[in-house]
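Dropping protein_32.cif in here (mmCIF, C-alpha atoms):
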data_entry
loop_
_atom_site.group_PDB
_atom_site.id
_atom_site.type_symbol
_atom_site.label_atom_id
_atom_site.label_comp_id
_atom_site.auth_asym_id
_atom_site.auth_seq_id
_atom_site.Cartn_x
_atom_site.Cartn_y
_atom_site.Cartn_z
ATOM 1 C CA MET A 1 21.038 15.476 -1.375
ATOM 2 C CA SER A 2 19.562 18.240 -3.529
ATOM 3 C CA LYS A 3 16.991 16.129 -5.318
ATOM 4 C CA LYS A 4 13.375 16.308 -4.223
ATOM 5 C CA ARG A 5 12.587 13.256 -2.113
ATOM 6 C CA VAL A 6 9.200 11.682 -2.703
ATOM 7 C CA VAL A 7 7.303 8.633 -1.491
ATOM 8 C CA VAL A 8 4.962 7.232 -4.153
ATOM 9 C CA SER A 9 2.087 4.931 -3.173
ATOM 10 C CA LEU A 10 0.838 2.730 -6.032
ATOM 11 C CA GLY A 11 -2.761 1.507 -6.112
ATOM 12 C CA HIS A 12 -4.232 -1.655 -7.634
ATOM 13 C CA ASP A 13 -4.562 -0.054 -11.092
ATOM 14 C CA ALA A 14 -0.780 0.221 -11.213
ATOM 15 C CA LEU A 15 -0.319 -3.522 -10.635
ATOM 16 C CA GLY A 16 -3.206 -5.442 -12.160
ATOM 17 C CA TYR A 17 -5.072 -8.312 -10.539
ATOM 18 C CA THR A 18 -3.349 -11.457 -11.902
ATOM 19 C CA THR A 19 0.283 -12.429 -12.552
ATOM 20 C CA GLY A 20 -0.119 -11.898 -16.305
ATOM 21 C CA ALA A 21 -2.001 -8.621 -15.952
ATOM 22 C CA GLN A 22 0.610 -7.438 -13.460
ATOM 23 C CA LYS A 23 3.427 -7.897 -15.980
ATOM 24 C CA ASP A 24 1.564 -5.677 -18.452
ATOM 25 C CA ALA A 25 0.479 -3.125 -15.842
ATOM 26 C CA VAL A 26 3.937 -2.558 -14.350
ATOM 27 C CA ARG A 27 5.346 -1.684 -17.774
ATOM 28 C CA VAL A 28 2.923 1.241 -17.906
ATOM 29 C CA THR A 29 3.608 2.058 -14.260
ATOM 30 C CA ALA A 30 7.352 2.000 -14.899
ATOM 31 C CA GLY A 31 6.897 4.655 -17.576
ATOM 32 C CA ALA A 32 5.125 6.983 -15.134
ATOM 33 C CA LEU A 33 7.744 6.374 -12.430
ATOM 34 C CA ALA A 34 10.582 6.980 -14.895
ATOM 35 C CA ASP A 35 8.944 10.309 -15.770
ATOM 36 C CA LEU A 36 9.314 11.281 -12.107
ATOM 37 C CA VAL A 37 12.984 10.248 -12.098
ATOM 38 C CA GLU A 38 13.495 12.477 -15.134
ATOM 39 C CA GLU A 39 11.798 15.291 -13.210
ATOM 40 C CA ASP A 40 14.721 14.905 -10.727
ATOM 41 C CA TYR A 41 12.829 13.114 -7.950
ATOM 42 C CA GLN A 42 14.420 10.535 -5.676
ATOM 43 C CA LEU A 43 11.755 7.823 -5.428
ATOM 44 C CA THR A 44 10.787 5.577 -2.563
ATOM 45 C CA ILE A 45 7.898 3.420 -3.748
ATOM 46 C CA THR A 46 5.299 1.486 -1.829
ATOM 47 C CA HIS A 47 2.346 -0.434 -3.217
ATOM 48 C CA GLY A 48 -0.818 -2.379 -2.445
ATOM 49 C CA ASN A 49 -1.106 -6.169 -2.547
ATOM 50 C CA GLY A 50 -4.801 -6.972 -1.996
ATOM 51 C CA PRO A 51 -5.368 -9.197 -5.054
ATOM 52 C CA GLN A 52 -1.859 -10.648 -4.856
ATOM 53 C CA VAL A 53 -1.907 -11.681 -1.194
ATOM 54 C CA SER A 54 -5.416 -13.078 -1.604
ATOM 55 C CA MET A 55 -4.283 -15.157 -4.595
ATOM 56 C CA ILE A 56 -1.299 -16.509 -2.675
ATOM 57 C CA HIS A 57 -3.455 -17.319 0.351
ATOM 58 C CA LYS A 58 -5.904 -19.222 -1.871
ATOM 59 C CA ALA A 59 -3.092 -21.168 -3.534
ATOM 60 C CA MET A 60 -1.411 -22.127 -0.271
ATOM 61 C CA THR A 61 -4.714 -23.110 1.333
ATOM 62 C CA GLU A 62 -5.600 -25.289 -1.670
ATOM 63 C CA LEU A 63 -2.134 -26.878 -1.585
ATOM 64 C CA ARG A 64 -2.691 -27.782 2.060
ATOM 65 C CA ARG A 65 -6.106 -29.251 1.213
ATOM 66 C CA LEU A 66 -4.728 -31.433 -1.598
ATOM 67 C CA TYR A 67 -1.500 -32.416 0.182
ATOM 68 C CA PRO A 68 -2.076 -32.686 3.968
ATOM 69 C CA ASP A 69 1.671 -33.060 4.600
ATOM 70 C CA TYR A 70 2.126 -29.397 3.681
ATOM 71 C CA THR A 71 1.468 -26.856 6.401
ATOM 72 C CA SER A 72 -0.793 -23.918 5.551
ATOM 73 C CA ALA A 73 0.958 -20.565 5.133
ATOM 74 C CA PRO A 74 0.107 -17.894 7.730
ATOM 75 C CA MET A 75 -0.896 -14.422 6.569
ATOM 76 C CA CYS A 76 2.509 -12.937 7.403
ATOM 77 C CA VAL A 77 4.189 -15.451 5.066
ATOM 78 C CA CYS A 78 1.647 -14.750 2.302
ATOM 79 C CA SER A 79 2.359 -11.047 2.739
ATOM 80 C CA ALA A 80 6.110 -11.648 2.444
ATOM 81 C CA MET A 81 5.577 -13.674 -0.743
ATOM 82 C CA SER A 82 3.481 -10.914 -2.286
ATOM 83 C CA GLN A 83 6.076 -8.269 -1.380
ATOM 84 C CA GLY A 84 8.761 -10.306 -3.085
ATOM 85 C CA TYR A 85 7.075 -10.977 -6.386
ATOM 86 C CA VAL A 86 5.404 -7.579 -6.782
ATOM 87 C CA GLY A 87 8.683 -5.847 -5.944
ATOM 88 C CA TYR A 88 10.496 -8.110 -8.413
ATOM 89 C CA ASP A 89 8.162 -7.098 -11.248
ATOM 90 C CA ILE A 90 8.303 -3.383 -10.438
ATOM 91 C CA GLN A 91 12.069 -3.205 -10.056
ATOM 92 C CA ASN A 92 12.741 -5.117 -13.276
ATOM 93 C CA ALA A 93 10.245 -3.087 -15.310
ATOM 94 C CA LEU A 94 11.498 0.228 -13.911
ATOM 95 C CA ARG A 95 15.171 -0.665 -14.371
ATOM 96 C CA SER A 96 14.504 -1.574 -18.012
ATOM 97 C CA GLU A 97 12.543 1.632 -18.577
ATOM 98 C CA LEU A 98 15.306 3.773 -17.071
ATOM 99 C CA LEU A 99 18.035 2.051 -19.088
ATOM 100 C CA GLY A 100 15.945 2.604 -22.219
ATOM 101 C CA ARG A 101 16.058 6.323 -21.437
ATOM 102 C CA GLY A 102 19.803 6.294 -20.869
ATOM 103 C CA ILE A 103 19.527 6.418 -17.061
ATOM 104 C CA SER A 104 21.668 4.007 -15.045
ATOM 105 C CA LYS A 105 20.212 3.833 -11.555
ATOM 106 C CA ALA A 106 19.904 1.031 -9.003
ATOM 107 C CA VAL A 107 16.380 -0.118 -8.149
ATOM 108 C CA SER A 108 16.070 -2.224 -5.000
ATOM 109 C CA THR A 109 13.261 -3.992 -3.155
ATOM 110 C CA ILE A 110 13.480 -4.295 0.623
ATOM 111 C CA LEU A 111 11.446 -6.989 2.310
ATOM 112 C CA THR A 112 9.905 -4.858 5.045
ATOM 113 C CA GLN A 113 8.387 -5.722 8.428
ATOM 114 C CA VAL A 114 6.066 -3.300 10.211
ATOM 115 C CA THR A 115 5.198 -3.570 13.896
ATOM 116 C CA VAL A 116 1.570 -3.364 15.018
ATOM 117 C CA ASP A 117 -0.107 -3.221 18.424
ATOM 118 C CA PRO A 118 -1.506 -6.635 19.483
ATOM 119 C CA TYR A 119 -4.278 -4.748 21.296
ATOM 120 C CA ASP A 120 -5.242 -2.630 18.289
ATOM 121 C CA GLU A 121 -9.046 -2.468 18.082
ATOM 122 C CA ALA A 122 -8.871 -3.795 14.520
ATOM 123 C CA PHE A 123 -8.048 -7.264 15.857
ATOM 124 C CA TYR A 124 -11.463 -7.359 17.540
ATOM 125 C CA ASP A 125 -13.336 -6.229 14.425
ATOM 126 C CA PRO A 126 -11.526 -7.590 11.319
ATOM 127 C CA THR A 127 -12.718 -6.181 7.993
ATOM 128 C CA LYS A 128 -10.286 -7.232 5.238
ATOM 129 C CA VAL A 129 -11.663 -10.135 3.165
ATOM 130 C CA ILE A 130 -9.104 -12.598 1.762
ATOM 131 C CA GLY A 131 -8.921 -16.025 0.193
ATOM 132 C CA ARG A 132 -11.384 -18.360 -1.450
ATOM 133 C CA TYR A 133 -15.026 -19.098 -0.741
ATOM 134 C CA MET A 134 -15.351 -21.955 1.731
ATOM 135 C CA VAL A 135 -18.083 -24.433 2.583
ATOM 136 C CA LYS A 136 -19.511 -24.401 6.095
ATOM 137 C CA GLU A 137 -17.279 -27.234 7.346
ATOM 138 C CA ASP A 138 -14.105 -25.411 6.242
ATOM 139 C CA ALA A 139 -15.377 -22.176 7.797
ATOM 140 C CA GLU A 140 -16.003 -23.943 11.103
ATOM 141 C CA ALA A 141 -12.458 -25.312 11.006
ATOM 142 C CA GLU A 142 -11.121 -21.772 10.551
ATOM 143 C CA ILE A 143 -13.175 -20.553 13.498
ATOM 144 C CA LYS A 144 -11.784 -23.365 15.672
ATOM 145 C CA LYS A 145 -8.282 -22.131 14.785
ATOM 146 C CA GLY A 146 -9.233 -18.685 16.095
ATOM 147 C CA ASN A 147 -9.776 -17.074 12.710
ATOM 148 C CA TYR A 148 -12.729 -14.931 11.634
ATOM 149 C CA VAL A 149 -15.006 -15.738 8.703
ATOM 150 C CA ARG A 150 -17.854 -13.909 6.991
ATOM 151 C CA GLU A 151 -20.814 -15.579 5.305
ATOM 152 C CA TYR A 152 -21.895 -14.595 1.797
ATOM 153 C CA PRO A 153 -25.393 -16.047 1.246
ATOM 154 C CA GLY A 154 -25.510 -18.320 -1.760
ATOM 155 C CA LYS A 155 -21.719 -18.266 -2.187
ATOM 156 C CA GLY A 156 -20.209 -19.583 1.030
ATOM 157 C CA PHE A 157 -17.810 -18.194 3.612
ATOM 158 C CA ARG A 158 -14.601 -16.170 3.346
ATOM 159 C CA ARG A 159 -11.925 -15.408 5.867
ATOM 160 C CA VAL A 160 -11.534 -11.857 7.180
ATOM 161 C CA VAL A 161 -8.431 -10.442 8.859
ATOM 162 C CA ALA A 162 -7.635 -7.322 10.846
ATOM 163 C CA ALA A 163 -6.132 -4.124 9.416
ATOM 164 C CA PRO A 164 -4.261 -2.591 12.391
ATOM 165 C CA LYS A 165 -2.454 0.749 12.287
ATOM 166 C CA PRO A 166 1.308 0.588 11.651
ATOM 167 C CA ILE A 167 3.612 1.616 14.499
ATOM 168 C CA ASP A 168 7.235 1.245 13.353
ATOM 169 C CA ILE A 169 9.009 0.227 10.149
ATOM 170 C CA VAL A 170 11.612 -2.336 11.216
ATOM 171 C CA GLU A 171 13.942 -1.914 8.211
ATOM 172 C CA MET A 172 13.696 1.900 8.256
ATOM 173 C CA GLU A 173 17.444 2.507 8.447
ATOM 174 C CA ALA A 174 18.113 0.295 5.430
ATOM 175 C CA ILE A 175 15.449 2.147 3.447
ATOM 176 C CA ARG A 176 16.869 5.510 4.523
ATOM 177 C CA THR A 177 20.431 4.521 3.578
ATOM 178 C CA LEU A 178 19.450 3.504 0.044
ATOM 179 C CA ALA A 179 17.245 6.574 -0.428
ATOM 180 C CA GLU A 180 20.055 8.880 0.681
ATOM 181 C CA ALA A 181 22.311 7.130 -1.845
ATOM 182 C CA ASP A 182 19.825 8.268 -4.542
ATOM 183 C CA GLN A 183 18.674 4.750 -5.341
ATOM 184 C CA VAL A 184 15.074 3.951 -6.218
ATOM 185 C CA VAL A 185 13.721 1.987 -3.259
ATOM 186 C CA ILE A 186 10.649 -0.263 -3.200
ATOM 187 C CA ALA A 187 9.617 -0.875 0.405
ATOM 188 C CA CYS A 188 6.698 -1.613 2.730
ATOM 189 C CA GLY A 189 4.859 -3.405 -0.084
ATOM 190 C CA GLY A 190 1.269 -4.295 0.750
ATOM 191 C CA GLY A 191 1.551 -2.161 3.876
ATOM 192 C CA GLY A 192 4.509 -4.206 5.122
ATOM 193 C CA ILE A 193 4.641 -7.611 6.777
ATOM 194 C CA PRO A 194 2.709 -7.089 10.044
ATOM 195 C CA VAL A 195 4.673 -8.258 13.076
ATOM 196 C CA ILE A 196 4.260 -8.030 16.850
ATOM 197 C CA GLU A 197 7.287 -7.488 19.078
ATOM 198 C CA GLN A 198 7.470 -10.000 21.926
ATOM 199 C CA LYS A 199 10.461 -10.055 24.291
ATOM 200 C CA GLY A 200 12.778 -8.713 21.605
ATOM 201 C CA ALA A 201 11.560 -11.135 18.913
ATOM 202 C CA LEU A 202 9.241 -10.354 16.013
ATOM 203 C CA LYS A 203 6.229 -12.618 15.529
ATOM 204 C CA GLY A 204 4.094 -12.492 12.384
ATOM 205 C CA ALA A 205 0.550 -11.217 12.884
ATOM 206 C CA SER A 206 -2.582 -12.551 11.191
ATOM 207 C CA ALA A 207 -3.387 -9.190 9.632
ATOM 208 C CA VAL A 208 -2.808 -6.825 6.729
ATOM 209 C CA ILE A 209 -1.838 -3.146 6.847
ATOM 210 C CA GLU A 210 -3.508 -0.470 4.726
ATOM 211 C CA LYS A 211 -0.997 0.609 2.054
ATOM 212 C CA ASP A 212 -1.823 4.296 2.368
ATOM 213 C CA SER A 213 -1.369 4.184 6.141
ATOM 214 C CA ILE A 214 2.167 2.914 5.712
ATOM 215 C CA ALA A 215 2.832 5.441 2.926
ATOM 216 C CA GLY A 216 2.057 8.295 5.308
ATOM 217 C CA LEU A 217 4.319 6.843 8.004
ATOM 218 C CA LEU A 218 7.112 6.059 5.525
ATOM 219 C CA ALA A 219 7.065 9.594 4.091
ATOM 220 C CA ALA A 220 7.125 11.045 7.611
ATOM 221 C CA GLU A 221 10.041 8.847 8.723
ATOM 222 C CA LEU A 222 12.043 9.761 5.607
ATOM 223 C CA GLN A 223 11.171 13.450 6.033
ATOM 224 C CA SER A 224 10.193 13.390 2.362
ATOM 225 C CA ASP A 225 9.505 16.604 0.491
ATOM 226 C CA GLU A 226 6.370 15.116 -1.015
ATOM 227 C CA LEU A 227 3.945 12.207 -0.711
ATOM 228 C CA ILE A 228 2.247 11.139 -3.934
ATOM 229 C CA LEU A 229 -0.803 8.883 -3.550
ATOM 230 C CA LEU A 230 -1.840 7.373 -6.878
ATOM 231 C CA THR A 231 -5.398 6.159 -7.236
ATOM 232 C CA GLY A 232 -8.096 5.574 -9.858
ATOM 233 C CA VAL A 233 -9.281 9.199 -10.077
ATOM 234 C CA GLU A 234 -7.600 12.423 -11.199
ATOM 235 C CA TRP A 235 -8.790 14.429 -8.201
ATOM 236 C CA VAL A 236 -10.169 14.124 -4.723
ATOM 237 C CA TYR A 237 -13.863 14.981 -5.028
ATOM 238 C CA ARG A 238 -16.174 16.720 -2.616
ATOM 239 C CA ASP A 239 -19.532 14.907 -2.324
ATOM 240 C CA PHE A 240 -18.198 12.085 -4.483
ATOM 241 C CA GLY A 241 -20.865 10.048 -6.280
ATOM 242 C CA THR A 242 -23.607 12.660 -5.858
ATOM 243 C CA GLU A 243 -25.052 15.347 -8.104
ATOM 244 C CA LYS A 244 -22.976 17.891 -6.171
ATOM 245 C CA GLN A 245 -19.688 16.093 -6.884
ATOM 246 C CA ALA A 246 -16.882 18.581 -7.499
ATOM 247 C CA PRO A 247 -13.090 18.224 -7.784
ATOM 248 C CA ILE A 248 -10.929 19.683 -5.028
ATOM 249 C CA ARG A 249 -7.804 21.454 -6.283
ATOM 250 C CA SER A 250 -6.220 22.118 -2.897
ATOM 251 C CA MET A 251 -6.812 21.641 0.823
ATOM 252 C CA LYS A 252 -5.185 22.684 4.068
ATOM 253 C CA LEU A 253 -4.579 20.208 6.872
ATOM 254 C CA GLU A 254 -7.319 21.667 9.077
ATOM 255 C CA GLU A 255 -9.799 21.314 6.189
ATOM 256 C CA VAL A 256 -8.843 17.661 5.772
ATOM 257 C CA ARG A 257 -9.370 16.976 9.469
ATOM 258 C CA ALA A 258 -12.775 18.657 9.366
ATOM 259 C CA ALA A 259 -13.808 16.719 6.244
ATOM 260 C CA ILE A 260 -12.752 13.415 7.838
ATOM 261 C CA ALA A 261 -14.711 14.224 10.989
ATOM 262 C CA GLY A 262 -17.730 15.089 8.842
ATOM 263 C CA GLY A 263 -17.678 11.725 7.031
ATOM 264 C CA GLN A 264 -16.824 13.284 3.681
ATOM 265 C CA PHE A 265 -14.578 10.425 2.502
ATOM 266 C CA GLU A 266 -15.464 6.769 1.989
ATOM 267 C CA ALA A 267 -13.779 4.149 4.161
ATOM 268 C CA GLY A 268 -11.554 1.825 2.165
ATOM 269 C CA THR A 269 -11.127 4.221 -0.764
ATOM 270 C CA MET A 270 -10.324 7.899 -0.218
ATOM 271 C CA LEU A 271 -10.431 7.974 3.591
ATOM 272 C CA PRO A 272 -7.125 6.084 4.111
ATOM 273 C CA LYS A 273 -5.411 8.511 1.716
ATOM 274 C CA MET A 274 -6.637 11.537 3.630
ATOM 275 C CA GLU A 275 -5.594 9.950 6.923
ATOM 276 C CA ALA A 276 -2.140 9.279 5.405
ATOM 277 C CA ALA A 277 -1.914 12.950 4.445
ATOM 278 C CA VAL A 278 -2.628 13.913 8.058
ATOM 279 C CA THR A 279 -0.006 11.471 9.424
ATOM 280 C CA TYR A 280 2.650 12.829 7.065
ATOM 281 C CA LEU A 281 1.925 16.561 7.338
ATOM 282 C CA GLU A 282 1.714 16.490 11.122
ATOM 283 C CA LYS A 283 5.358 15.331 11.183
ATOM 284 C CA VAL A 284 6.556 17.173 8.058
ATOM 285 C CA PRO A 285 4.611 20.475 8.027
ATOM 286 C CA GLY A 286 6.713 21.809 5.164
ATOM 287 C CA GLY A 287 5.774 18.863 2.942
ATOM 288 C CA ARG A 288 3.168 18.460 0.237
ATOM 289 C CA VAL A 289 0.695 15.689 -0.568
ATOM 290 C CA LEU A 290 -0.436 15.074 -4.138
ATOM 291 C CA ILE A 291 -3.376 12.777 -4.921
ATOM 292 C CA THR A 292 -4.069 11.918 -8.550
ATOM 293 C CA SER A 293 -4.194 9.039 -11.041
ATOM 294 C CA LEU A 294 -1.241 7.156 -12.496
ATOM 295 C CA ALA A 295 -2.078 8.443 -15.977
ATOM 296 C CA LYS A 296 -2.022 12.072 -14.841
ATOM 297 C CA VAL A 297 0.937 12.066 -12.439
ATOM 298 C CA LYS A 298 3.379 13.747 -14.855
ATOM 299 C CA GLU A 299 0.941 16.622 -15.392
ATOM 300 C CA ALA A 300 0.102 16.719 -11.695
ATOM 301 C CA VAL A 301 3.700 17.183 -10.481
ATOM 302 C CA ARG A 302 3.861 20.182 -12.825
ATOM 303 C CA GLY A 303 0.803 21.679 -11.152
ATOM 304 C CA ARG A 304 -1.676 21.118 -13.980
ATOM 305 C CA THR A 305 -4.022 18.695 -12.239
ATOM 306 C CA GLY A 306 -4.492 16.601 -9.085
ATOM 307 C CA THR A 307 -5.373 17.539 -5.507
ATOM 308 C CA VAL A 308 -2.642 19.162 -3.397
ATOM 309 C CA ILE A 309 -2.743 19.127 0.413
ATOM 310 C CA THR A 310 -0.431 21.240 2.578
ATOM 311 C CA ALA A 311 -0.209 22.036 6.268
#

Can the structure from this file be put into structure tokens for me?
Amino acid sequence: MSKKRVVVSLGHDALGYTTGAQKDAVRVTAGALADLVEEDYQLTITHGNGPQVSMIHKAMTELRRLYPDYTSAPMCVCSAMSQGYVGYDIQNALRSELLGRGISKAVSTILTQVTVDPYDEAFYDPTKVIGRYMVKEDAEAEIKKGNYVREYPGKGFRRVVAAPKPIDIVEMEAIRTLAEADQVVIACGGGGIPVIEQKGALKGASAVIEKDSIAGLLAAELQSDELILLTGVEWVYRDFGTEKQAPIRSMKLEEVRAAIAGGQFEAGTMLPKMEAAVTYLEKVPGGRVLITSLAKVKEAVRGRTGTVITA
């Protein structure tokens, strides 16, 4: 296939934070993605799901509270639900946008499982906050079930889950087949549904996977020509948030490693993106990573803005 293959990771700004806001946001996102199709890219798209999976978890927990006959939904099921409805909105909006431009192209969402290590250190120090605020009695019930909670003085308690590193993408061959057929593929949404392999079976894990971590692995497995990480800023910045803040136009892999080791990037924001760049470029040294905002991606792929990382 002669087209340039690219994995695009969409951040929260591309999706919105509620079902209504998401509908509006994905129309804008679809325009930016269609621009890339017109630039002759073959797209494999992944996305975050933080607000969406949290909303679903709240709703299912409340349903269980009001109707005791219903069982509460585990995190893996909430993750699957969020993959389905976010993928549904993206694929419909993008298909409509492409047809409006005279482009007939299949857009497919693959419900994707991702294996994680049950002994990953993240399971012993969970950090991802989800769900509603709880009173002390509800928090104690969660603890008895083996879950972790965090107290917010004056507000209550919230559940926290682990964010382990992804190991393997279970549906990788299906994703690869569709990508090689020049379809637009939406996969590994929300980092993928975290599962643990036990005696040949896959068991859902009470965890979430960082979307940028899976983007790096997905791009590496597909041997993509490029990995595009879309975020809320136009550039990666050196000394971000200080008086010395300055945009970075380009970096080499060894510079990225040194900057990570030196604590240059903030955990939970830019750090996962830089780690994804390392994961991808270590396996695809001829590739390129582009980090920029959704609004600037068309200019960035033409070399006018954004931060470019190469091996």

_Selection under test: the PyMOL selection byres ((chain A and resi 28-42) around 7); residues as a PyMOL selection string_ = chain A and resi 3-6+14+25-27+43-44+93-94+97-98+182+184+294+298

_Neighbouring residues of Ser250 in chain A were defined as those with any atom within 9 Å, considering all atoms listed in the file; residues of the same chain fewer than 5 positions away were excluded. Please report them as a PyMOL selection string._
chain A and resi 306-310

For range 186-302 of chain A versus range 137-160 of chain A, which residues have an atom no more than 12 Å away, and what is each residue's nearest atom pair and distance in Å rounded to one decimal, using all atoms listed in the file, chain-then-number order, as CSV?
residue,atom,partner,partner_atom,distance
A:Ala205,CA,A:Asn147,CA,11.9
A:Ser206,CA,A:Asn147,CA,8.6
A:Ala207,CA,A:Val160,CA,8.9
A:Val208,CA,A:Val160,CA,10.1

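With only C-alpha atoms taken into account, the protein and nucleic acid residues at most 12 Å from range 17-20 of chain A (excluding it and anything under 6 positions from it in its own chain) are A:Gly11, A:Val26, A:Arg27, A:Gly48, A:Asn49, A:Gly50, A:Pro51, A:Gln52, A:Val53, A:Ser54, A:Met55, A:Ile56, A:Ser82, A:Tyr85, A:Val86, A:Tyr88, A:Asp89.
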
Using the chain letters and numbers from the file, which residues does the PyMOL selection byres ((chain A and resi 161-170) around 7) grab, as a short mmCIF file (atom, residue, chain, number, x, y, z; two decimals) with C-alpha atoms, in the frame of the given file?
data_model
loop_
_atom_site.label_atom_id
_atom_site.label_comp_id
_atom_site.auth_asym_id
_atom_site.auth_seq_id
_atom_site.Cartn_x
_atom_site.Cartn_y
_atom_site.Cartn_z
CA THR A 112 9.90 -4.86 5.04
CA GLN A 113 8.39 -5.72 8.43
CA VAL A 114 6.07 -3.30 10.21
CA THR A 115 5.20 -3.57 13.90
CA VAL A 116 1.57 -3.36 15.02
CA ASP A 120 -5.24 -2.63 18.29
CA ALA A 122 -8.87 -3.80 14.52
CA PHE A 123 -8.05 -7.26 15.86
CA ASP A 125 -13.34 -6.23 14.42
CA PRO A 126 -11.53 -7.59 11.32
CA THR A 127 -12.72 -6.18 7.99
CA LYS A 128 -10.29 -7.23 5.24
CA VAL A 129 -11.66 -10.14 3.16
CA TYR A 148 -12.73 -14.93 11.63
CA ARG A 159 -11.92 -15.41 5.87
CA VAL A 160 -11.53 -11.86 7.18
CA GLU A 171 13.94 -1.91 8.21
CA MET A 172 13.70 1.90 8.26
CA SER A 206 -2.58 -12.55 11.19
CA ALA A 207 -3.39 -9.19 9.63
CA VAL A 208 -2.81 -6.82 6.73
CA ILE A 209 -1.84 -3.15 6.85
CA GLU A 210 -3.51 -0.47 4.73
CA ILE A 214 2.17 2.91 5.71
#

*Give me the residues within 7 Å of Glu234 in chain A as a VMD selection string, counting only C-alpha atoms and dropping any in the same chain fewer than 4 places off.*
chain A and resid 292 to 293 296 306

For the provided coordinates, the residues matched by the PyMOL selection byres ((chain A and resi 245-249) around 8) should be stated as a tab-separated table (two decimals) with C-alpha atoms, keeping the file's coordinate frame.
chain	number	residue	atom	x	y	z
A	235	TRP	CA	-8.79	14.43	-8.20
A	236	VAL	CA	-10.17	14.12	-4.72
A	237	TYR	CA	-13.86	14.98	-5.03
A	238	ARG	CA	-16.17	16.72	-2.62
A	239	ASP	CA	-19.53	14.91	-2.32
A	240	PHE	CA	-18.20	12.08	-4.48
A	241	GLY	CA	-20.86	10.05	-6.28
A	242	THR	CA	-23.61	12.66	-5.86
A	243	GLU	CA	-25.05	15.35	-8.10
A	244	LYS	CA	-22.98	17.89	-6.17
A	250	SER	CA	-6.22	22.12	-2.90
A	251	MET	CA	-6.81	21.64	0.82
A	305	THR	CA	-4.02	18.70	-12.24
A	306	GLY	CA	-4.49	16.60	-9.09
A	307	THR	CA	-5.37	17.54	-5.51
A	308	VAL	CA	-2.64	19.16	-3.40

*For CA of Gly204 in chain A and CA of Ala276 in chain A, quote the distance in Å rounded to one decimal.*
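Taking CA of Gly204 in chain A as the start and CA of Ala276 in chain A as the end point, the length is 23.7 Å.
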